[in-house]
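Just input-v2.txt here, compact mmCIF, C-alpha atoms:
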# COMPACT_ATOMS: atom_id res chain seq x y z
CA MET A 1 -71.90 -108.05 -98.14
CA PRO A 2 -70.17 -111.34 -99.03
CA ARG A 3 -69.97 -113.83 -96.17
CA TYR A 4 -66.35 -114.92 -96.70
CA HIS A 5 -63.82 -114.16 -93.98
CA SER A 6 -60.46 -114.18 -95.76
CA LYS A 7 -58.86 -113.92 -99.18
CA THR A 8 -58.39 -117.69 -99.24
CA ASP A 9 -62.16 -118.13 -98.87
CA ARG A 10 -62.94 -115.92 -101.87
CA ASN A 11 -65.24 -117.84 -104.26
CA PHE A 12 -65.05 -120.72 -101.77
CA GLY A 13 -61.32 -120.98 -102.31
CA PHE A 14 -61.47 -121.66 -106.06
CA GLY A 15 -59.94 -118.37 -107.24
CA LYS A 16 -60.27 -114.60 -107.24
CA GLN A 17 -62.32 -114.16 -110.41
CA LEU A 18 -65.86 -115.56 -110.51
CA ASN A 19 -65.57 -117.02 -114.01
CA TYR A 20 -62.19 -118.63 -113.30
CA ALA A 21 -63.43 -120.00 -109.95
CA GLY A 22 -66.37 -121.65 -111.70
CA ARG A 23 -64.10 -123.36 -114.23
CA ASN A 24 -61.73 -124.45 -111.48
CA ALA A 25 -64.60 -125.93 -109.46
CA LEU A 26 -65.92 -127.77 -112.52
CA ASN A 27 -62.48 -129.30 -113.09
CA THR A 28 -62.64 -130.65 -109.55
CA LEU A 29 -66.22 -131.89 -109.82
CA MET A 30 -66.02 -133.35 -113.35
CA THR A 31 -62.45 -134.60 -113.62
CA GLY A 32 -61.66 -135.85 -117.11
CA GLN A 33 -64.98 -134.74 -118.63
CA HIS A 34 -63.32 -132.15 -120.85
CA HIS A 35 -66.18 -131.47 -123.25
CA SER A 36 -68.78 -131.12 -120.48
CA ILE A 37 -66.47 -128.77 -118.59
CA ALA A 38 -65.98 -126.65 -121.71
CA THR A 39 -69.72 -126.44 -122.35
CA HIS A 40 -70.55 -125.50 -118.74
CA SER A 41 -67.69 -122.99 -118.66
CA GLU A 42 -69.01 -121.22 -121.73
CA ARG A 43 -72.50 -120.93 -120.22
CA TRP A 44 -71.08 -119.91 -116.83
CA GLN A 45 -69.22 -117.07 -118.55
CA ARG A 46 -72.59 -115.80 -119.82
CA PHE A 47 -73.90 -115.74 -116.26
CA CYS A 48 -70.73 -113.98 -115.03
CA ASP A 49 -71.14 -111.30 -117.70
CA TRP A 50 -74.71 -110.72 -116.55
CA ALA A 51 -73.71 -110.81 -112.86
CA LYS A 52 -71.11 -108.12 -113.47
CA THR A 53 -73.85 -105.73 -114.60
CA ARG A 54 -75.50 -106.34 -111.18
CA ASN A 55 -72.20 -105.67 -109.38
CA ILE A 56 -71.96 -109.33 -108.36
CA LYS A 57 -68.31 -110.34 -108.38
CA GLU A 58 -68.11 -113.09 -105.78
CA ALA A 59 -69.80 -116.48 -105.43
CA HIS A 60 -70.88 -115.81 -101.84
CA GLN A 61 -73.11 -113.03 -103.18
CA ILE A 62 -75.14 -115.44 -105.32
CA SER A 63 -78.42 -116.41 -103.67
CA ASN A 64 -81.62 -118.05 -104.85
CA PHE A 65 -82.98 -114.55 -105.30
CA ILE A 66 -80.10 -113.71 -107.66
CA LEU A 67 -80.74 -116.89 -109.68
CA LYS A 68 -84.42 -115.95 -109.93
CA ASP A 69 -83.37 -112.51 -111.16
CA TYR A 70 -81.17 -114.14 -113.81
CA ALA A 71 -84.06 -116.42 -114.80
CA ASP A 72 -86.29 -113.35 -115.23
CA TYR A 73 -83.64 -111.82 -117.49
CA LEU A 74 -83.54 -114.98 -119.63
CA LYS A 75 -87.34 -115.18 -119.66
CA ALA A 76 -87.50 -111.61 -120.99
CA ARG A 77 -85.26 -112.67 -123.85
CA LEU A 78 -87.59 -115.56 -124.57
CA ASN A 79 -90.37 -113.01 -124.89
CA GLY A 80 -88.51 -110.91 -127.43
CA GLN A 81 -86.63 -108.40 -125.29
CA GLY A 82 -83.07 -108.01 -126.56
CA LYS A 83 -81.47 -110.77 -128.61
CA ALA A 84 -83.91 -113.70 -128.67
CA ILE A 85 -82.86 -117.12 -127.35
CA ALA A 86 -84.50 -120.56 -127.44
CA VAL A 87 -86.18 -122.17 -124.44
CA SER A 88 -83.53 -124.89 -124.48
CA THR A 89 -80.77 -122.27 -124.32
CA ALA A 90 -82.35 -120.56 -121.32
CA GLN A 91 -82.89 -123.85 -119.48
CA ASN A 92 -79.36 -125.01 -120.20
CA ARG A 93 -77.86 -121.78 -118.83
CA LEU A 94 -79.83 -122.11 -115.61
CA SER A 95 -78.90 -125.79 -115.30
CA THR A 96 -75.24 -124.80 -115.63
CA CYS A 97 -75.65 -122.31 -112.78
CA ASN A 98 -76.94 -125.17 -110.61
CA THR A 99 -73.98 -127.37 -111.60
CA VAL A 100 -71.31 -124.71 -111.04
CA LEU A 101 -72.75 -123.52 -107.73
CA LYS A 102 -72.87 -127.10 -106.47
CA ALA A 103 -69.23 -127.48 -107.50
CA LEU A 104 -68.28 -124.24 -105.75
CA ARG A 105 -70.33 -124.71 -102.57
CA GLY A 106 -70.30 -128.49 -102.24
CA ASN A 107 -74.07 -128.54 -101.69
CA HIS A 108 -77.41 -127.88 -103.38
CA ASP A 109 -78.42 -124.95 -101.14
CA ILE A 110 -78.47 -122.47 -104.04
CA ALA A 111 -80.34 -123.92 -107.01
CA ILE A 112 -83.27 -123.23 -109.30
CA ASN A 113 -85.72 -125.34 -111.30
CA PRO A 114 -85.26 -124.14 -114.90
CA ALA A 115 -88.51 -125.51 -116.35
CA GLU A 116 -90.59 -124.26 -113.44
CA VAL A 117 -89.17 -120.75 -113.23
CA LEU A 118 -89.19 -120.17 -116.99
CA ASN A 119 -92.71 -121.55 -117.24
CA ALA A 120 -92.02 -122.67 -120.81
CA ARG A 121 -92.22 -126.16 -122.28
CA ARG A 122 -89.53 -127.25 -124.71
CA CYS A 123 -91.45 -129.93 -126.52
CA HIS A 124 -94.40 -129.62 -128.87
CA ILE A 125 -96.73 -131.93 -130.71
CA ARG A 126 -95.49 -132.55 -134.22
CA THR A 127 -98.01 -131.93 -136.98
CA GLU A 128 -95.80 -132.28 -140.07
CA PRO A 129 -94.14 -135.61 -140.89
CA PRO A 130 -90.35 -135.67 -141.23
CA GLU A 131 -88.74 -136.55 -144.55
CA LEU A 132 -87.90 -140.26 -144.46
CA SER A 133 -86.00 -140.37 -147.76
CA ARG A 134 -82.43 -141.57 -147.36
CA GLU A 135 -81.72 -140.54 -150.94
CA LYS A 136 -82.23 -136.88 -150.06
CA LEU A 137 -79.96 -137.16 -147.03
CA SER A 138 -77.34 -138.98 -149.11
CA ALA A 139 -77.38 -136.14 -151.65
CA ALA A 140 -76.93 -133.58 -148.85
CA GLN A 141 -74.07 -135.61 -147.36
CA GLN A 142 -72.37 -135.86 -150.76
CA GLU A 143 -72.50 -132.09 -151.21
CA LEU A 144 -70.96 -131.59 -147.78
CA CYS A 145 -68.20 -134.08 -148.61
CA ASP A 146 -67.55 -132.34 -151.92
CA HIS A 147 -66.80 -129.17 -149.94
CA GLY A 148 -64.56 -130.98 -147.44
CA TYR A 149 -67.06 -131.36 -144.61
CA ASN A 150 -66.85 -135.15 -144.33
CA ARG A 151 -67.19 -135.20 -140.55
CA ILE A 152 -70.34 -133.10 -140.67
CA ALA A 153 -71.79 -135.43 -143.30
CA ALA A 154 -70.94 -138.44 -141.11
CA LEU A 155 -72.52 -136.76 -138.07
CA LEU A 156 -75.78 -136.30 -139.97
CA GLY A 157 -75.76 -140.00 -140.81
CA LEU A 158 -75.44 -140.89 -137.13
CA CYS A 159 -78.32 -138.56 -136.23
CA ARG A 160 -80.54 -140.19 -138.85
CA GLU A 161 -79.67 -143.85 -138.32
CA LEU A 162 -79.25 -143.89 -134.54
CA GLY A 163 -81.53 -141.02 -133.49
CA LEU A 164 -78.66 -139.11 -131.87
CA ARG A 165 -78.45 -135.44 -131.00
CA SER A 166 -75.62 -133.56 -132.72
CA ARG A 167 -73.56 -133.42 -129.52
CA GLU A 168 -74.02 -137.13 -128.91
CA ALA A 169 -73.00 -137.94 -132.48
CA ALA A 170 -69.95 -135.68 -132.28
CA LEU A 171 -68.72 -137.35 -129.07
CA LEU A 172 -69.55 -140.93 -130.01
CA ASP A 173 -66.57 -143.27 -130.13
CA CYS A 174 -67.64 -144.95 -133.37
CA GLN A 175 -64.83 -147.50 -133.33
CA LYS A 176 -65.88 -148.70 -129.89
CA ALA A 177 -69.54 -148.54 -130.96
CA LEU A 178 -68.79 -150.74 -133.98
CA CYS A 179 -67.43 -153.44 -131.70
CA GLN A 180 -70.50 -153.21 -129.48
CA ALA A 181 -72.82 -153.35 -132.49
CA ARG A 182 -71.14 -156.43 -133.93
CA GLU A 183 -71.20 -158.24 -130.60
CA GLN A 184 -74.58 -157.14 -129.23
CA GLY A 185 -76.60 -155.56 -132.04
CA THR A 186 -76.94 -152.41 -129.94
CA ILE A 187 -74.74 -149.55 -128.77
CA ASP A 188 -74.80 -147.75 -125.43
CA ILE A 189 -74.87 -143.95 -125.69
CA GLU A 190 -72.81 -142.46 -122.87
CA ARG A 191 -71.37 -139.09 -123.92
CA GLY A 192 -72.98 -135.76 -124.64
CA THR A 193 -76.38 -136.79 -123.33
CA LYS A 194 -78.84 -134.48 -121.64
CA GLY A 195 -80.90 -135.38 -118.58
CA GLY A 196 -82.50 -138.81 -118.69
CA ARG A 197 -81.13 -142.01 -120.10
CA GLY A 198 -77.42 -142.30 -120.69
CA LYS A 199 -76.74 -139.59 -118.11
CA SER A 200 -74.67 -139.98 -114.97
CA THR A 201 -73.71 -137.35 -112.42
CA VAL A 202 -71.57 -137.13 -109.32
CA THR A 203 -74.70 -137.33 -107.18
CA SER A 204 -76.17 -140.18 -109.26
CA PRO A 205 -73.17 -142.24 -110.38
CA SER A 206 -75.26 -145.26 -111.41
CA ARG A 207 -75.86 -144.47 -115.06
CA VAL A 208 -78.99 -145.80 -116.77
CA GLU A 209 -78.07 -147.61 -119.96
CA ARG A 210 -79.31 -146.06 -123.19
CA LEU A 211 -79.20 -148.90 -125.69
CA VAL A 212 -79.90 -148.09 -129.35
CA PRO A 213 -80.43 -150.89 -131.91
CA VAL A 214 -78.08 -150.92 -134.89
CA SER A 215 -79.63 -151.62 -138.28
CA ASP A 216 -77.71 -152.34 -141.48
CA THR A 217 -77.89 -148.66 -142.47
CA ALA A 218 -76.78 -147.63 -138.99
CA MET A 219 -73.81 -149.99 -139.25
CA LYS A 220 -72.73 -148.29 -142.48
CA ALA A 221 -73.06 -144.87 -140.82
CA LEU A 222 -70.88 -146.07 -137.94
CA GLU A 223 -68.26 -147.49 -140.31
CA THR A 224 -68.09 -144.19 -142.23
CA ALA A 225 -67.73 -142.15 -139.05
CA ALA A 226 -65.21 -144.56 -137.48
CA ALA A 227 -62.92 -144.19 -140.49
CA LEU A 228 -62.80 -140.42 -139.87
CA GLN A 229 -61.78 -140.56 -136.20
CA SER A 230 -58.07 -140.66 -137.05
CA GLY A 231 -56.96 -142.15 -133.76
CA LYS A 232 -59.31 -140.01 -131.66
CA ASP A 233 -62.24 -141.39 -129.71
CA ASN A 234 -64.80 -139.03 -131.23
CA LEU A 235 -65.65 -137.11 -134.42
CA VAL A 236 -64.42 -133.69 -133.28
CA PRO A 237 -61.56 -132.65 -135.62
CA GLU A 238 -58.05 -132.39 -134.24
CA HIS A 239 -57.23 -128.95 -132.80
CA GLN A 240 -60.93 -127.95 -132.74
CA ARG A 241 -63.11 -127.51 -129.67
CA LEU A 242 -66.47 -129.25 -129.43
CA PRO A 243 -68.47 -125.97 -129.34
CA ASP A 244 -66.68 -124.77 -132.48
CA PHE A 245 -67.35 -128.05 -134.29
CA LEU A 246 -71.03 -127.99 -133.35
CA SER A 247 -71.21 -124.39 -134.50
CA ALA A 248 -69.77 -125.48 -137.87
CA VAL A 249 -72.34 -128.29 -138.03
CA ARG A 250 -75.16 -125.79 -137.56
CA HIS A 251 -73.66 -123.31 -140.01
CA TYR A 252 -72.87 -125.66 -142.88
CA SER A 253 -75.55 -128.34 -142.60
CA GLY A 254 -78.65 -126.17 -142.31
CA ALA A 255 -78.70 -124.68 -145.81
CA VAL A 256 -77.57 -127.93 -147.45
CA LEU A 257 -80.31 -129.95 -145.75
CA LYS A 258 -82.97 -127.47 -146.83
CA LYS A 259 -81.59 -127.43 -150.37
CA HIS A 260 -82.21 -131.18 -150.59
CA GLY A 261 -85.69 -131.11 -149.08
CA LEU A 262 -84.82 -131.81 -145.44
CA ASN A 263 -85.95 -129.33 -142.79
CA ASN A 264 -83.24 -129.59 -140.13
CA ARG A 265 -81.17 -131.96 -137.99
CA HIS A 266 -84.02 -132.46 -135.50
CA ASP A 267 -86.07 -133.94 -138.33
CA LEU A 268 -83.41 -136.63 -138.70
CA ARG A 269 -84.18 -137.78 -135.16
CA ALA A 270 -87.88 -137.60 -135.92
CA ALA A 271 -87.36 -139.78 -139.00
CA TYR A 272 -85.57 -142.35 -136.82
CA ALA A 273 -88.43 -142.25 -134.30
CA CYS A 274 -91.09 -142.73 -136.99
CA GLU A 275 -89.24 -145.71 -138.47
CA ARG A 276 -88.82 -147.31 -135.05
CA TYR A 277 -92.51 -146.78 -134.30
CA GLN A 278 -93.42 -148.64 -137.49
CA GLN A 279 -91.02 -151.47 -136.65
CA ILE A 280 -92.47 -151.88 -133.17
CA THR A 281 -96.19 -151.48 -133.97
CA ASP A 282 -96.30 -152.54 -137.64
CA THR A 283 -98.30 -149.35 -138.29
CA PHE A 284 -97.35 -145.87 -139.45
CA ALA A 285 -96.52 -143.23 -136.84
CA PRO A 286 -99.52 -140.97 -136.10
CA VAL A 287 -97.78 -137.95 -137.68
CA ILE A 288 -97.57 -139.90 -140.97
CA ALA A 289 -100.92 -141.69 -140.85
CA GLY A 290 -102.81 -138.70 -139.48
CA HIS A 291 -104.03 -140.68 -136.48
CA ARG A 292 -103.11 -143.62 -134.25
CA GLU A 293 -103.58 -146.92 -136.11
CA CYS A 294 -102.56 -149.41 -133.41
CA SER A 295 -104.00 -150.06 -129.96
CA LYS A 296 -103.41 -147.54 -127.21
CA SER A 297 -101.38 -150.02 -125.17
CA LEU A 298 -99.09 -150.85 -128.11
CA ASP A 299 -98.72 -147.16 -128.87
CA ARG A 300 -97.71 -146.53 -125.25
CA LYS A 301 -95.18 -149.37 -125.36
CA ALA A 302 -93.63 -148.00 -128.57
CA ARG A 303 -93.34 -144.52 -127.07
CA GLU A 304 -91.63 -145.88 -123.96
CA ILE A 305 -89.07 -147.74 -126.08
CA ILE A 306 -88.43 -144.80 -128.40
CA ALA A 307 -88.16 -142.34 -125.49
CA GLN A 308 -85.43 -144.52 -123.98
CA GLU A 309 -83.57 -144.83 -127.26
CA LEU A 310 -83.71 -141.07 -127.88
CA GLY A 311 -82.47 -140.32 -124.36
CA HIS A 312 -85.65 -138.94 -122.81
CA ASN A 313 -87.04 -139.91 -119.43
CA ARG A 314 -90.59 -138.82 -120.27
CA THR A 315 -92.78 -140.42 -122.93
CA ASP A 316 -94.78 -137.22 -123.55
CA VAL A 317 -91.69 -135.66 -125.16
CA VAL A 318 -91.95 -138.22 -127.95
CA ALA A 319 -95.02 -136.35 -129.26
CA SER A 320 -92.56 -133.85 -130.76
CA TYR A 321 -91.35 -136.68 -133.02
CA LEU A 322 -94.46 -138.83 -133.58
CA ALA A 323 -97.46 -136.50 -132.93
CA SER A 324 -100.03 -137.23 -130.23
CA SER A 325 -101.39 -140.69 -129.46
CA ARG A 326 -105.01 -139.79 -130.18

Have the structure of the file written as structure tokens, please.
Amino acid sequence: MPRYHSKTDRNFGFGKQLNYAGRNALNTLMTGQHHSIATHSERWQRFCDWAKTRNIKEAHQISNFILKDYADYLKARLNGQGKAIAVSTAQNRLSTCNTVLKALRGNHDIAINPAEVLNARRCHIRTEPPELSREKLSAAQQELCDHGYNRIAALLGLCRELGLRSREAALLDCQKALCQAREQGTIDIERGTKGGRGKSTVTSPSRVERLVPVSDTAMKALETAAALQSGKDNLVPEHQRLPDFLSAVRHYSGAVLKKHGLNNRHDLRAAYACERYQQITDTFAPVIAGHRECSKSLDRKAREIIAQELGHNRTDVVASYLASSR
């Protein structure tokens, strides 16, 4: 039975319905962070839908055992039961449960380690080099623009020239970034980041800077994107939610990229990483050369720099962009 004692204590006082209470708690915990709240709310709704099938309707009923049960459900989907999902999707949904429950309860008593419980690694060692040709990307961008998808084309440019994730590119204030780039030669990535560099939380308010160098081609990408903001502080179109815009990015960019000889958006980040590796070490990235050409210490230094610029807090993740250091 739930451990609350009155109607006012239902869902820790955040509302009668579990999904609404979660959103309400997020609004309290993450005031002003509209896009993050929307993303967590969407994932929390997925958990609430699952919880309903277990007759769980109240936050006091959620225990570590319940979270483990939910993790087992997601893990089954990773293994092909029901509609398949990616490892990143499963981990993100569990991370959202941690965030919402902390917001509801005001403590970390009910939480789960997504990577540990799913027992699945998200990164891999790259074996195929990414396409470095800017001409191919330019052709893909032009086709998108011809069909009215200028913002999506601009987002791809930011991913390629600054090594950004799609979410980070969509939320980047390019006008502000242009000023930073002209003054400092770098920009600080603050919004849309995952765990690691550039990320701040209520429990860890001191954000670690994530500085990305701005080349001439990156400056042009920023200028193009800044011109499309139309008074907003990001690339998301007026009257469109971030999840809907990112869905459009996935839907419209995938086929166009492949048509022009580019695998996917993740390869754009890999291309950035390989170029940065060559700039730092003066040798080709291992995935391009077929092996490590520089000293092990220089290779390690390059991976540390690139990991920071890509927003990772572990250098081993960089193997999914550069291949191994052997």

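Nearest to Leu158 of chain A of all the residues A:Lys301, A:Arg269, A:Arg54, A:Arg326 is A:Arg269, counting all atoms listed in the file.
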
Contact residues around segment 139-148 of chain A with all atoms listed in the file at 6 Å, ignoring same-chain residues under 5 positions, as an MDAnalysis selection string: chainID A and resid 153 256:257

Residues of the last selection are to be written out with C-alpha atoms, as a PDB file, keeping the file's coordinate frame.
ATOM      1  CA  ALA A 153     -71.790-135.430-143.300  1.00  0.00           C
ATOM      2  CA  VAL A 256     -77.570-127.930-147.450  1.00  0.00           C
ATOM      3  CA  LEU A 257     -80.310-129.950-145.750  1.00  0.00           C
TER       4      LEU A 257
END

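Proximity ranking of A:Ser324, A:Thr96, A:Gln229, A:Gln184 relative to Val214 of chain A places A:Gln184 first, based on all atoms listed in the file.
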
Near-Lys258 of chain A list (12 Å; only C-alpha atoms; drop same-chain fewer than 3 positions) as a JSON list (two decimals) with C-alpha atoms, in the coordinates of the input:
[["chain", "number", "residue", "atom", "x", "y", "z"],
["A", 131, "GLU", "CA", -88.74, -136.55, -144.55],
["A", 136, "LYS", "CA", -82.23, -136.88, -150.06],
["A", 137, "LEU", "CA", -79.96, -137.16, -147.03],
["A", 139, "ALA", "CA", -77.38, -136.14, -151.65],
["A", 140, "ALA", "CA", -76.93, -133.58, -148.85],
["A", 252, "TYR", "CA", -72.87, -125.66, -142.88],
["A", 253, "SER", "CA", -75.55, -128.34, -142.60],
["A", 254, "GLY", "CA", -78.65, -126.17, -142.31],
["A", 255, "ALA", "CA", -78.70, -124.68, -145.81],
["A", 261, "GLY", "CA", -85.69, -131.11, -149.08],
["A", 262, "LEU", "CA", -84.82, -131.81, -145.44],
["A", 263, "ASN", "CA", -85.95, -129.33, -142.79],
["A", 264, "ASN", "CA", -83.24, -129.59, -140.13],
["A", 265, "ARG", "CA", -81.17, -131.96, -137.99],
["A", 267, "ASP", "CA", -86.07, -133.94, -138.33]]

Just want the 8 Å neighbourhood of segment 282-293 of chain A, counted on all atoms listed in the file, with same-chain residues fewer than 5 positions away dropped. Output as an MDAnalysis selection string. chainID A and resid 126:129 274:275 277 299 322:326

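Straight-line separation from atom CA of Leu242 of chain A to atom CA of Pro213 of chain A: 25.9 Å.
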
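Between atom CA of Leu94 of chain A and atom CA of Ser36 of chain A the interatomic distance comes to 15.1 Å.
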
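Between atom CA of Ile189 of chain A and atom CA of Arg167 of chain A there is a distance of 11.3 Å.
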
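Minimum atom-to-atom distances from A:Asn119, A:Asn234, A:Thr28, A:Ser133 to Asp173 of chain A were compared using all atoms listed in the file, and the lowest value belongs to A:Asn234.
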
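Between Thr39 of chain A and the candidates A:Arg93, A:His260, A:Lys68, A:Lys75, the tightest atom-to-atom separation, counting all atoms listed in the file, involves A:Arg93.
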
Could you pull segment 54-85 of chain A out of the structure just shown and give N, CA and C atoms as an mmCIF file, in the first residue's frame?
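This is the output file selection.cif:
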data_model
loop_
_atom_site.group_PDB
_atom_site.id
_atom_site.type_symbol
_atom_site.label_atom_id
_atom_site.label_comp_id
_atom_site.auth_asym_id
_atom_site.auth_seq_id
_atom_site.Cartn_x
_atom_site.Cartn_y
_atom_site.Cartn_z
ATOM 1 N N ARG A 54 1.216 -2.271 -14.475
ATOM 2 C CA ARG A 54 1.585 -2.957 -13.216
ATOM 3 C C ARG A 54 0.716 -2.473 -12.062
ATOM 4 N N ASN A 55 -0.329 -1.714 -12.375
ATOM 5 C CA ASN A 55 -1.241 -1.165 -11.366
ATOM 6 C C ASN A 55 -0.521 -0.227 -10.393
ATOM 7 N N ILE A 56 0.471 0.488 -10.918
ATOM 8 C CA ILE A 56 1.187 1.480 -10.123
ATOM 9 C C ILE A 56 0.675 2.853 -10.550
ATOM 10 N N LYS A 57 0.014 3.528 -9.644
ATOM 11 C CA LYS A 57 -0.628 4.797 -9.980
ATOM 12 C C LYS A 57 -0.163 5.955 -9.099
ATOM 13 N N GLU A 58 0.774 5.676 -8.199
ATOM 14 C CA GLU A 58 1.143 6.689 -7.214
ATOM 15 C C GLU A 58 2.643 6.611 -6.957
ATOM 16 N N ALA A 59 3.287 7.759 -6.812
ATOM 17 C CA ALA A 59 4.745 7.809 -6.702
ATOM 18 C C ALA A 59 5.280 7.094 -5.467
ATOM 19 N N HIS A 60 4.490 7.052 -4.395
ATOM 20 C CA HIS A 60 4.933 6.354 -3.191
ATOM 21 C C HIS A 60 5.088 4.856 -3.426
ATOM 22 N N GLN A 61 4.438 4.338 -4.466
ATOM 23 C CA GLN A 61 4.529 2.907 -4.766
ATOM 24 C C GLN A 61 5.825 2.536 -5.483
ATOM 25 N N ILE A 62 6.528 3.536 -6.010
ATOM 26 C CA ILE A 62 7.717 3.258 -6.810
ATOM 27 C C ILE A 62 8.913 3.031 -5.891
ATOM 28 N N SER A 63 9.497 1.857 -6.002
ATOM 29 C CA SER A 63 10.663 1.478 -5.202
ATOM 30 C C SER A 63 11.820 1.133 -6.132
ATOM 31 N N ASN A 64 12.959 0.848 -5.560
ATOM 32 C CA ASN A 64 14.091 0.400 -6.373
ATOM 33 C C ASN A 64 13.764 -0.908 -7.086
ATOM 34 N N PHE A 65 12.958 -1.736 -6.438
ATOM 35 C CA PHE A 65 12.543 -2.987 -7.068
ATOM 36 C C PHE A 65 11.697 -2.704 -8.316
ATOM 37 N N ILE A 66 10.821 -1.715 -8.233
ATOM 38 C CA ILE A 66 9.986 -1.353 -9.385
ATOM 39 C C ILE A 66 10.860 -0.822 -10.523
ATOM 40 N N LEU A 67 11.853 0.010 -10.196
ATOM 41 C CA LEU A 67 12.759 0.521 -11.228
ATOM 42 C C LEU A 67 13.533 -0.618 -11.886
ATOM 43 N N LYS A 68 13.941 -1.605 -11.086
ATOM 44 C CA LYS A 68 14.654 -2.757 -11.644
ATOM 45 C C LYS A 68 13.730 -3.535 -12.580
ATOM 46 N N ASP A 69 12.460 -3.635 -12.207
ATOM 47 C CA ASP A 69 11.485 -4.318 -13.051
ATOM 48 C C ASP A 69 11.323 -3.582 -14.383
ATOM 49 N N TYR A 70 11.290 -2.253 -14.314
ATOM 50 C CA TYR A 70 11.183 -1.442 -15.534
ATOM 51 C C TYR A 70 12.441 -1.620 -16.389
ATOM 52 N N ALA A 71 13.611 -1.664 -15.736
ATOM 53 C CA ALA A 71 14.857 -1.873 -16.465
ATOM 54 C C ALA A 71 14.852 -3.231 -17.169
ATOM 55 N N ASP A 72 14.313 -4.247 -16.513
ATOM 56 C CA ASP A 72 14.219 -5.573 -17.136
ATOM 57 C C ASP A 72 13.310 -5.540 -18.364
ATOM 58 N N TYR A 73 12.245 -4.758 -18.264
ATOM 59 C CA TYR A 73 11.332 -4.598 -19.408
ATOM 60 C C TYR A 73 12.058 -3.934 -20.579
ATOM 61 N N LEU A 74 12.821 -2.882 -20.298
ATOM 62 C CA LEU A 74 13.574 -2.200 -21.352
ATOM 63 C C LEU A 74 14.669 -3.102 -21.913
ATOM 64 N N LYS A 75 15.307 -3.876 -21.037
ATOM 65 C CA LYS A 75 16.362 -4.777 -21.480
ATOM 66 C C LYS A 75 15.807 -5.844 -22.421
ATOM 67 N N ALA A 76 14.589 -6.306 -22.143
ATOM 68 C CA ALA A 76 13.952 -7.293 -23.021
ATOM 69 C C ALA A 76 13.738 -6.709 -24.412
ATOM 70 N N ARG A 77 13.405 -5.430 -24.452
ATOM 71 C CA ARG A 77 13.212 -4.776 -25.748
ATOM 72 C C ARG A 77 14.538 -4.607 -26.477
ATOM 73 N N LEU A 78 15.608 -4.435 -25.734
ATOM 74 C CA LEU A 78 16.929 -4.391 -26.361
ATOM 75 C C LEU A 78 17.261 -5.717 -27.020
ATOM 76 N N ASN A 79 16.746 -6.785 -26.422
ATOM 77 C CA ASN A 79 17.038 -8.133 -26.913
ATOM 78 C C ASN A 79 16.015 -8.635 -27.921
ATOM 79 N N GLY A 80 15.190 -7.733 -28.429
ATOM 80 C CA GLY A 80 14.303 -8.102 -29.525
ATOM 81 C C GLY A 80 12.883 -8.468 -29.154
ATOM 82 N N GLN A 81 12.517 -8.345 -27.890
ATOM 83 C CA GLN A 81 11.142 -8.630 -27.480
ATOM 84 C C GLN A 81 10.306 -7.366 -27.633
ATOM 85 N N GLY A 82 9.234 -7.453 -28.429
ATOM 86 C CA GLY A 82 8.411 -6.275 -28.676
ATOM 87 C C GLY A 82 9.109 -5.337 -29.645
ATOM 88 N N LYS A 83 8.721 -4.073 -29.620
ATOM 89 C CA LYS A 83 9.325 -3.081 -30.504
ATOM 90 C C LYS A 83 10.728 -2.743 -30.019
ATOM 91 N N ALA A 84 11.729 -2.971 -30.861
ATOM 92 C CA ALA A 84 13.124 -2.789 -30.461
ATOM 93 C C ALA A 84 13.444 -1.326 -30.189
ATOM 94 N N ILE A 85 14.332 -1.093 -29.217
ATOM 95 C CA ILE A 85 14.811 0.252 -28.911
ATOM 96 C C ILE A 85 16.330 0.217 -28.828
#
